[in-house]
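To start, the structure under review is shown below, and the notes come after it.
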Amino acid sequence: MSLNPILIDLPEQIETKHLLLQTPKAGFGEKLHEAILDGYETTKNWVNWPNTLPTALKVEEDCRNHHAEFILRTFIRYIIIEKATSKIVGRCAFPSFQTNWAIPQFGISYFIRKDSQSKGYATEAAHAMAVLAFQTLKARKVEIYVDAENLASCRVPEKLNFKHEYTQKGGWPKHNGELTELKTYAIFDVNDLYKANIKY
């Protein structure tokens with residue numbers, strides 16, 4: 001990309017039908033900590049979180065660091081908030097290791113707390129991120145990596161019309177030391193996504 005990423009204007013808030021995607025910043029730590037702990041033992045198997053539970057203070061520190069990374073465009077994250085209740089239900093991001101500004105190409109990651117799963121929130125958030133990648137960041141390709149055993153998460157890119165490109169063994173290790181069987185889904189055009197009302 002000819003333009004310096006730090007000069008690209010990114011919205012600090014994105015609104016979808018049921019959600020607000022908000023950049024992490026000071027003051028979000030305690031509520032995000034609650035979301036992270038809800039189903040932590042299961043979620044860590046899919047997203048390679050550490051075995052040790054984070055403290056609320058550590059998550060607050062992370063929110064402040066993540067805000068700085070957002071401004072610098074080194075790692076773009078959003079906190080997922082349920083509009084009806086203002087509850088933090090998860091987080092989504094363009095992981096730095098899947099980001100290639102030269103193409104440009106981005107990956108999407110997400111997690112939803114246990115008590116808010118099966119409501120379509122991961123799909124809604126991933127959809128908003130894909131639209132942002134294509135329309136604002138001028139992406140030519142957007143990917144989603146999914147553990148093949150995480151069937152619920154596999155359904156997210158499939159619902160969004162991402163196509164399964166390949167499956168590889170590796171990418172990151174499971175907590176039991178085994179290698180993850182990683183499925184890669186990709187989409188190349190914003191017009192292949194279903195239409196939805198997304199506001200910046």
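Within each chain, counting starts at residue 1; across the structure tokens, chains are named A, B, ... in the order shown, with ligands numbered 1 upward in that order.
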
List every residue of segment 61-88 of chain A that has an atom at most 12 Å from any atom of segment 117-122 of chain A, giving for each one its closest atom pair and the distance in Å to one decimal, counting only C-alpha atoms, sorted by chain and then by ascending residue number, as a tab-separated table.
residue	atom	partner	partner_atom	distance
A:Ile79	CA	A:Ala122	CA	11.7
A:Ile80	CA	A:Tyr121	CA	8.5
A:Ile81	CA	A:Tyr121	CA	9.6
A:Glu82	CA	A:Tyr121	CA	8.6
A:Lys83	CA	A:Tyr121	CA	11.2
A:Ile88	CA	A:Tyr121	CA	11.4

Export of prior selection with C-alpha atoms as a JSON list (two decimals), in the first residue's frame:
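Result file selection_17.json:
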[["chain", "number", "residue", "atom", "x", "y", "z"],
["A", 79, "ILE", "CA", -14.08, -4.67, 21.79],
["A", 80, "ILE", "CA", -17.51, -6.15, 20.99],
["A", 81, "ILE", "CA", -20.39, -4.56, 22.94],
["A", 82, "GLU", "CA", -24.01, -5.72, 22.93],
["A", 83, "LYS", "CA", -26.07, -2.60, 22.16],
["A", 88, "ILE", "CA", -18.90, -6.43, 26.61]]

Selection: 8 Å around Glu15 of chain A, only C-alpha atoms, excl. self and same-chain fewer than 3 positions, as a JSON list (two decimals) with N, CA and C atoms, in the first residue's frame:
[["chain", "number", "residue", "atom", "x", "y", "z"],
["A", 18, "HIS", "N", -26.85, -5.36, 16.08],
["A", 18, "HIS", "CA", -26.93, -5.68, 17.51],
["A", 18, "HIS", "C", -25.73, -5.23, 18.32],
["A", 19, "LEU", "N", -24.67, -4.77, 17.64],
["A", 19, "LEU", "CA", -23.39, -4.59, 18.31],
["A", 19, "LEU", "C", -22.79, -3.21, 18.08],
["A", 20, "LEU", "N", -21.90, -2.85, 18.99],
["A", 20, "LEU", "CA", -20.97, -1.75, 18.81],
["A", 20, "LEU", "C", -19.57, -2.35, 18.89],
["A", 21, "LEU", "N", -18.74, -2.06, 17.92],
["A", 21, "LEU", "CA", -17.33, -2.43, 17.98],
["A", 21, "LEU", "C", -16.58, -1.17, 18.37],
["A", 198, "ILE", "N", -24.09, -1.23, 8.26],
["A", 198, "ILE", "CA", -22.91, -1.02, 9.12],
["A", 198, "ILE", "C", -22.57, 0.46, 9.09],
["A", 199, "LYS", "N", -22.47, 1.07, 10.27],
["A", 199, "LYS", "CA", -22.21, 2.51, 10.36],
["A", 199, "LYS", "C", -20.88, 2.77, 11.03],
["A", 200, "TYR", "N", -20.13, 3.70, 10.48],
["A", 200, "TYR", "CA", -18.86, 4.13, 11.10],
["A", 200, "TYR", "C", -19.10, 5.46, 11.81]]

From the list A:Glu158, A:Lys87, A:Pro24, A:Pro104, the nearest residue to Glu12 of chain A using only C-alpha atoms is A:Pro24

For this session: Can you pull out every residue within 12 Å of Thr52 of chain A, counting only C-alpha atoms, but drop anything in the same chain fewer than 2 positions away, and send it as a list in words?
Result: Leu37, Tyr40, Glu41, Lys44, Asn48, Trp49, Pro50, Pro54, Thr55, Lys58 and His175 of chain A

Export C-alpha atoms of the chosen residues as a PDB file, in the first residue's frame?
ATOM      1  CA  LEU A  37     -13.125 -15.134  32.198  1.00  0.00           C
ATOM      2  CA  TYR A  40     -11.909 -19.047  29.609  1.00  0.00           C
ATOM      3  CA  GLU A  41     -11.031 -22.737  29.973  1.00  0.00           C
ATOM      4  CA  LYS A  44      -8.098 -20.744  25.479  1.00  0.00           C
ATOM      5  CA  ASN A  48      -4.018 -20.013  22.327  1.00  0.00           C
ATOM      6  CA  TRP A  49      -4.506 -18.015  25.515  1.00  0.00           C
ATOM      7  CA  PRO A  50      -2.130 -18.757  28.421  1.00  0.00           C
ATOM      8  CA  PRO A  54      -5.326 -12.738  33.676  1.00  0.00           C
ATOM      9  CA  THR A  55      -6.107 -10.229  36.413  1.00  0.00           C
ATOM     10  CA  LYS A  58      -3.565  -6.803  33.546  1.00  0.00           C
ATOM     11  CA  HIS A 175      -2.392 -26.720  25.168  1.00  0.00           C
TER      12      HIS A 175
END

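Using only C-alpha atoms, the smallest distance between any of A:Val146, A:Ala152, A:Ala133, A:Leu32 and Ile187 of chain A comes from A:Ala133.
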
| When DSSP works through the backbone of this structure, what residues of chain A end up as helix (DSSP H, G or I), shown as a ChimeraX atom specification? | /A:5-7,29-37,40-47,56-72,96-98,114-116,121-135,151-159,190-192

Polymer residues at most 12 Å from Ser153 of chain A, only C-alpha atoms, same-chain spacing of 2 or more positions, as a PyMOL selection string | chain A and resi 43+46-47+108-112+117-118+120-123+126+144-151+155-160+182-185

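The protein and nucleic acid residues lying at most 12 Å from Ala102 of chain A are Met1, Ser2, Leu3, Asn4, Pro5, Thr99, Asn100, Pro104, Gln105, Phe106, Leu137, Lys138, Ala139, Arg140 and Lys141 of chain A, with only C-alpha atoms considered and sequence neighbours fewer than 2 positions away removed.
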